[in-house]
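Participant: Below you'll find the structure I mean.
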Amino acid sequence: MDDLRDLYQSTILDHNKSPRNFGVPADSNRDAEGYNPLCGDELHVYLRVDAAGRIDDIGFEGSGCAISRASASLMTEYVKNQSREEVDRVFDAFHDLVTKAPKEGATPESLGKLAVFSGVREFPMRVKCATLAWHTLRAALDQTDQTAVTE
Amino acid sequence: MDDLRDLYQSTILDHNKSPRNFGVPADSNRDAEGYNPLCGDELHVYLRVDAAGRIDDIGFEGSGCAISRASASLMTEYVKNQSREEVDRVFDAFHDLVTKAPKEGATPESLGKLAVFSGVREFPMRVKCATLAWHTLRAALDQTDQTAVTE
Amino acid sequence: MSVANHDALPADRFDVAAVRAQFPVLADDGPGRTLTYLDSAATAQKPQAVIDALEDFYTREYASVHRGVYALSVRSTQRFEAVREKVCRLLHTSDPREVVFTRGTTEAINLVATSWGGQNVSAGDEIVVTQLEHHSNIVPWQLLCERTGARLRVAPIGLDGCVEVDAFEALLGPRTKLVALAHVSNALGTRLPVAALCQLARSRGITSLVDGAQAVPHGSVDVLAIGCDFYAFSAHKVFGPTGTGVLWGRRDLLDAMPPYQGGGSMIRSVSFEGTTYADAPQRFEAGTPDVAGVIGMGAALDWLEEIDREAAAAFECELLRYASEALEAIPGLHIFGSDPEKVGVLSFSLDCAHPHDIATILDREGVAIRAGHHCAQPLMKFYGVPAMARASLALYSDRSDIDALVSALETTREIFS
Amino acid sequence: MSVANHDALPADRFDVAAVRAQFPVLADDGPGRTLTYLDSAATAQKPQAVIDALEDFYTREYASVHRGVYALSVRSTQRFEAVREKVCRLLHTSDPREVVFTRGTTEAINLVATSWGGQNVSAGDEIVVTQLEHHSNIVPWQLLCERTGARLRVAPIGLDGCVEVDAFEALLGPRTKLVALAHVSNALGTRLPVAALCQLARSRGITSLVDGAQAVPHGSVDVLAIGCDFYAFSAHKVFGPTGTGVLWGRRDLLDAMPPYQGGGSMIRSVSFEGTTYADAPQRFEAGTPDVAGVIGMGAALDWLEEIDREAAAAFECELLRYASEALEAIPGLHIFGSDPEKVGVLSFSLDCAHPHDIATILDREGVAIRAGHHCAQPLMKFYGVPAMARASLALYSDRSDIDALVSALETTREIFS
Ligand SMILES: Cc1ncc(COP(=O)(O)O)c(C=O)c1O
Ligand SMILES: Cc1ncc(COP(=O)(O)O)c(C=O)c1O
């Protein structure tokens, strides 16, 4: 049960129960939908992006498993006030966190609270749950009309 | 090689080389085509049937393996002057001969020279070669427009 | 098969331990290696007899079928063709020419939709399915409707997961060409009254197809008594290999249908001027078939014939009741579908955890269940849920499986409370 | 691969006895049990590694793919998906999303004819095939032509069994939409200059499909160098299980094609209002796939990777020359097709005996060859024969097989003289 406790850390369970930034922020000017066909997770991410391209405000709606909900919630906290470039950097670091064994000696990009998702790497089928919010965020920033799909 | 000699008896080899009644009889009034998709045997049987329904004359054309050619040739000799009922009876007896082990004690319908096909029963894939001519004959007697197919 | 009947049935005659012992994957080989397999509705495990049949065939008498003159090929062909007769016995019918080998249920339904549908369905016609169908019994009809301009109509179900017969009947009209029905729902276990529904169709001259993927593994099936025109199932769900399955179809219908795929074996003669086709079933079996798969399916059916299926069904029915009661005792757990004739499947939700989280936690406890839409998204929509957790049974399932499930669900609740 | 090259190739590097020992069906177990198997063009025998992979999979980690969260299903899925990469290595390409699993070559061609053809071919368009194609590369196009009003045009061959490149080129016109070509002829062994032919097509914007069923077993294939758009082959001819095969297709083409069969796994979301489809390759893999078959194919490809294929091809080429010379020395024997780059196949006739009789007699001598139209009736018509006898090789074939063939042919002549 140890790796289960690693996966479902208390922060994750907390954000699953009480997601932050749930809902549509005022004056949101970009949004995108995300969909994970495997478990039926559906996510809608809304952004207010300022003139400089920074994420001024962010919110999300949708239903999903604990991992995807908590990931969305923690993401909204993390990326507020970030630029597109910062989002891309943390996306890559987060993706490495949930898919790769930590490199010996390497200092990982500081992910702050997002580090609670490190347990996901032991559960390959859950990687898509953890990254759905991030894919959807990028789609919203690109404001493509396509649904972000993790397959 | 014994069962091969049983299959390819000299009568069969002889009729294969020099088939009897090869060609179309004069005034033929019924005919049918037969086809064995497995080995590409093609057979055309022509009949002159008299008013009483008897086979007055018979001939065949086509190409095929030794078994099918010899069977057609020996059949034409055998059924000349027979009625539909007689053909049906010998068809059944012939079919038994090439498919079933001889019943102990039972006296088989006398098949005369046709008995040379008894070796076929050891070669299930060749049964259709031996019976193609007979299927085609029946089709000609019925004068259906369908090609007789052994499958 | 009603619950009342089950009470009378001799479930005790069924020796589940002896059956279970024949499934090597279920063997308890060392600590932590025990598998609690509760995903048999997705695919069933294989008895040793089936594994051996495959090995034996490839090791000793492998050859292609139908076109060889040599002994090896003759034997392969005979064994292959003999499986049609075994399928007939399974379905309580008799004409092997009515048995078409396909990749599985999905292909069988696509075959009918394309070949029969292409010939018999036109713009404005209607095809009736139910709300609980598997995607494989929805999408082929949607594709047919797209091609032809026909319309797909959906027979409603109640909250209990049962088809409403009156509403179904009301859908049947002069333009209805075909009804396509699951025999047993893979997501709910509902056993549809297919004989009654097909009778309603037949009395109006409407053709019927029954998707038997979930019925064949759980009890005896009689296609003539059902009175359907087509019946489909997959070998892999009935203890046979993957890659093969059956379309059974009434001979007059099959004989009138145009080919599906073109290629070797389905022809009578080919020429660039014009090609003619073999009779059914060959007409629908283009190309080299899954010879070993079919022979493996034959071994599975032989194996099944040795089982007292009435006793097995009775045992399974009791086990399902045991499982239902045990699950219902778990706080916050909700079971979907309450058909009293339900078979093989328990789908549920937990108020504290998403099905996907449940499945992950159960897996770490050695319990394999399925979480997701079960290829029945319209049904998920009907119940207003994105997904369900599903435990499903086969004739090797026993109480220890259920006990492991319940205990793992307790763990789930602990983590999420 | 020209004959001139072969002379230089190190055929001696190839240890045929060691390869042969891996095929249990070829084992010499007792008097009269030795099998001289010369029907590998119909289907190849299986090495122990493939048989073991199937057994191991069913015994220890069988589960369904793609939808399970639990470990067993995750492992199955990973092993299943990894086979796409093995196929890429086999075909010298790199994008696993270009690999669609099918039942075999026949289904792969039907998939293209229905899905790509339905979208891209209309009345008056033309499809070009050659005179030597297998029925599986003729009938799907005839069916497409029937549905659409397109026209099938046939590129001629010479008496040597080779496609006449100029005549082929002359057939390509503004209405030509697709050319469909065998890579290697199953009836003659002719190796078509597919790279040149596909280049002629591509330079005119014409799509090309290569039927690789007979090429993959005999040497290295590079689909990018060929420059075709689609390439098809069957696992069972390349030492893998029956029931599975591959359609390789260029990604932009696959992505633009509509679904083929509908059902589970090929969807993104299903609703009665409208269904959306998954990307390629999943879009073309409706229903539960032949999981074990695909994993078995993976084992066959792994096994092949261990073989020095250049040496094997050189050995086989020498063996074919040995066989040709031995057969030509038999009075009354005629060999069909004289492509100098011929591979794997020797089709012949005897003046005294019909091919069907030859095959029967050879079988009693323990020699399995094929007699018939080889699913190439238009080719039989071209040569004016109802059937041919065919001996075909694989990389386990050796001189003892040829010697047994020659001696059995002597017996045939004795009986028929
Ligand atoms: C050249 C060629 N094309 C297509 C096929 C069809 O392959 P399959 O029957 O495995 O679908 C074959 C073999 O039968 C073949 O030799
Ligand atoms: C009710 C039902 N229909 C159809 C199918 C499709 O079967 P297959 O995937 O074997 O083609 C399934 C199983 O997946 C099923 O449960």
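Note on naming: chains are A, B, ... as they come in the structure tokens, residues start from 1 per chain, ligands start from 1 in the order shown.
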Can you check which residues of chain D have any atom within 8 Å of chain B? Use only C-alpha atoms and format it as an MDAnalysis selection string.
Facilitator: chainID D and resid 353:357 361 364:365 371:373 386:387 415:416
Participant: Please find the residues contacting ligand 2 at a distance of at most 6 Å between atoms, with only C-alpha atoms and all ligand atoms counted, and report them as a ChimeraX atom specification.
Facilitator: /C:42,104-106,134,136,182,185-186,211,213-214,234 /D:287-288
Participant: Within segment 13-44 of chain B, find each residue whose DSSP state, derived from the backbone, is alpha helix (DSSP H), and express the selection as a PyMOL selection string.
Facilitator: chain B and resi 13-17
Participant: What separation in Å, quoted to one decimal, exists between atom 1 (C, counted along the ligand's line) of ligand 1 and atom CA of Thr130 of chain D?
Facilitator: 11.7 Å
Participant: Counting only C-alpha atoms and all ligand atoms, what are the residues of chain D within 10 Å of ligand 1, and for each of them which pair of atoms is the nearest and at what distance in Å, to one decimal? Sort the table by chain and rising number, as a Markdown table.
Facilitator:
| residue | atom | partner | partner_atom_place_in_ligand_line | distance |
| --- | --- | --- | --- | --- |
| D:Ser40 | CA | ligand 1 | 16 (O) | 9.9 |
| D:Ala41 | CA | ligand 1 | 16 (O) | 6.3 |
| D:Ala42 | CA | ligand 1 | 14 (O) | 5.7 |
| D:Thr43 | CA | ligand 1 | 14 (O) | 7.6 |
| D:Thr102 | CA | ligand 1 | 11 (O) | 9.2 |
| D:Arg103 | CA | ligand 1 | 11 (O) | 7.0 |
| D:Gly104 | CA | ligand 1 | 11 (O) | 4.3 |
| D:Thr105 | CA | ligand 1 | 11 (O) | 3.9 |
| D:Thr106 | CA | ligand 1 | 11 (O) | 3.6 |
| D:Glu107 | CA | ligand 1 | 11 (O) | 6.2 |
| D:Ala108 | CA | ligand 1 | 11 (O) | 7.8 |
| D:Ile109 | CA | ligand 1 | 4 (C) | 8.6 |
| D:Asn110 | CA | ligand 1 | 11 (O) | 9.8 |
| D:Leu132 | CA | ligand 1 | 1 (C) | 9.0 |
| D:Glu133 | CA | ligand 1 | 1 (C) | 6.7 |
| D:His134 | CA | ligand 1 | 3 (N) | 5.0 |
| D:His135 | CA | ligand 1 | 4 (C) | 7.2 |
| D:Ser136 | CA | ligand 1 | 4 (C) | 5.1 |
| D:Asn137 | CA | ligand 1 | 3 (N) | 6.3 |
| D:Ile138 | CA | ligand 1 | 3 (N) | 9.5 |
| D:Leu181 | CA | ligand 1 | 1 (C) | 9.0 |
| D:Ala182 | CA | ligand 1 | 1 (C) | 5.7 |
| D:His183 | CA | ligand 1 | 1 (C) | 7.5 |
| D:Val184 | CA | ligand 1 | 1 (C) | 6.4 |
| D:Ser185 | CA | ligand 1 | 1 (C) | 5.3 |
| D:Asn186 | CA | ligand 1 | 16 (O) | 4.4 |
| D:Ala187 | CA | ligand 1 | 16 (O) | 7.6 |
| D:Leu188 | CA | ligand 1 | 1 (C) | 9.9 |
| D:Gly189 | CA | ligand 1 | 1 (C) | 9.3 |
| D:Val210 | CA | ligand 1 | 3 (N) | 9.4 |
| D:Asp211 | CA | ligand 1 | 3 (N) | 5.7 |
| D:Gly212 | CA | ligand 1 | 1 (C) | 6.7 |
| D:Ala213 | CA | ligand 1 | 2 (C) | 4.8 |
| D:Gln214 | CA | ligand 1 | 16 (O) | 5.3 |
| D:Ala215 | CA | ligand 1 | 1 (C) | 8.2 |
| D:Ala232 | CA | ligand 1 | 4 (C) | 8.3 |
| D:Phe233 | CA | ligand 1 | 7 (O) | 7.0 |
| D:Ser234 | CA | ligand 1 | 10 (O) | 4.8 |
| D:Ala235 | CA | ligand 1 | 10 (O) | 7.5 |
| D:His236 | CA | ligand 1 | 10 (O) | 6.7 |
| D:Lys237 | CA | ligand 1 | 10 (O) | 7.0 |
| D:Thr242 | CA | ligand 1 | 10 (O) | 8.0 |
| D:Gly243 | CA | ligand 1 | 10 (O) | 8.0 |
| D:Thr244 | CA | ligand 1 | 10 (O) | 8.1 |
| D:Gly245 | CA | ligand 1 | 10 (O) | 7.4 |
| D:Val246 | CA | ligand 1 | 11 (O) | 9.9 |
| D:His374 | CA | ligand 1 | 14 (O) | 8.1 |
| D:Cys375 | CA | ligand 1 | 14 (O) | 7.4 |
| D:Ala376 | CA | ligand 1 | 1 (C) | 9.0 |
Participant: Using only C-alpha atoms and a cut-off of 6 Å, which residues of chain D sit close to chain C? Please list them as a list in words.
Facilitator: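 The selection requested is Pro24, Val25, Thr59, Arg60, Gly68, Tyr70, Thr106, His135, Ser136, Val139, Pro140, Thr242, Gly243, Gly262, Gly263, Gly264, Val270, Ser271, Gly287, Asp290, Asp363, Ala368, Arg370, Cys375, Gln377 and Pro378 of chain D.
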Participant: DSSP says strand (DSSP E or B) for which residues of segment 213-369 of chain D? Put them as a list of chain:residue names?
Facilitator: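 Restricting segment 213-369 of chain D to strand (DSSP E or B) produces D:Phe230, D:Tyr231, D:Ala232, D:Phe233, D:Ser234, D:Gly245, D:Val246, D:Leu247, D:Trp248, D:Gly249, D:Ile267, D:Arg268, D:Ser269, D:Thr276, D:Tyr277, D:Leu333, D:His334, D:Ile335, D:Phe336, D:Val345, D:Leu346, D:Ser347, D:Phe348, D:Ser349, D:Leu350, D:Val367, D:Ala368.
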Participant: Find the residues around Asp398 of chain C up to 7 Å (only C-alpha atoms counted), leave out those fewer than 2 positions away in its own chain, and share them as an MDAnalysis selection string.
Facilitator: chainID C and resid 16 319 396 400:402
Participant: Name all residues at most 12 Å from segment 25-32 of chain B (count only C-alpha atoms; drop same-chain ones fewer than 6 positions away) and give them as JSON, numbers by chain.
Facilitator: {"B": [42, 43, 44, 45, 46, 47, 48, 49, 50, 51, 53, 54, 55, 56, 57, 58, 59, 60, 61, 62, 76, 80, 132, 133, 134, 135, 136, 137, 138, 139, 140, 141, 142, 143, 144, 145, 146, 147, 148, 149]}
Participant: Select, from D:Thr207, D:Trp248, D:Ser115, D:Pro331, the residue with the minimum atom-to-atom distance to Pro281 of chain D, counting only C-alpha atoms.
Facilitator: D:Trp248
Participant: Just give me the gap between atom CA of Ala82 of chain D and atom CA of Glu306 of chain D in Å, one decimal is fine.
Facilitator: 17.4 Å
Participant: Take atom CA of Ser18 of chain B and atom CA of Arg121 of chain B and report the distance between them in Å, one decimal.
Facilitator: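 It comes out at 23.9 Å.
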Participant: Which of these, C:Cys352, C:Glu318, C:Gly298, C:Ile330, has the shortest distance to Ala53 of chain C once you count only C-alpha atoms?
Facilitator: C:Gly298
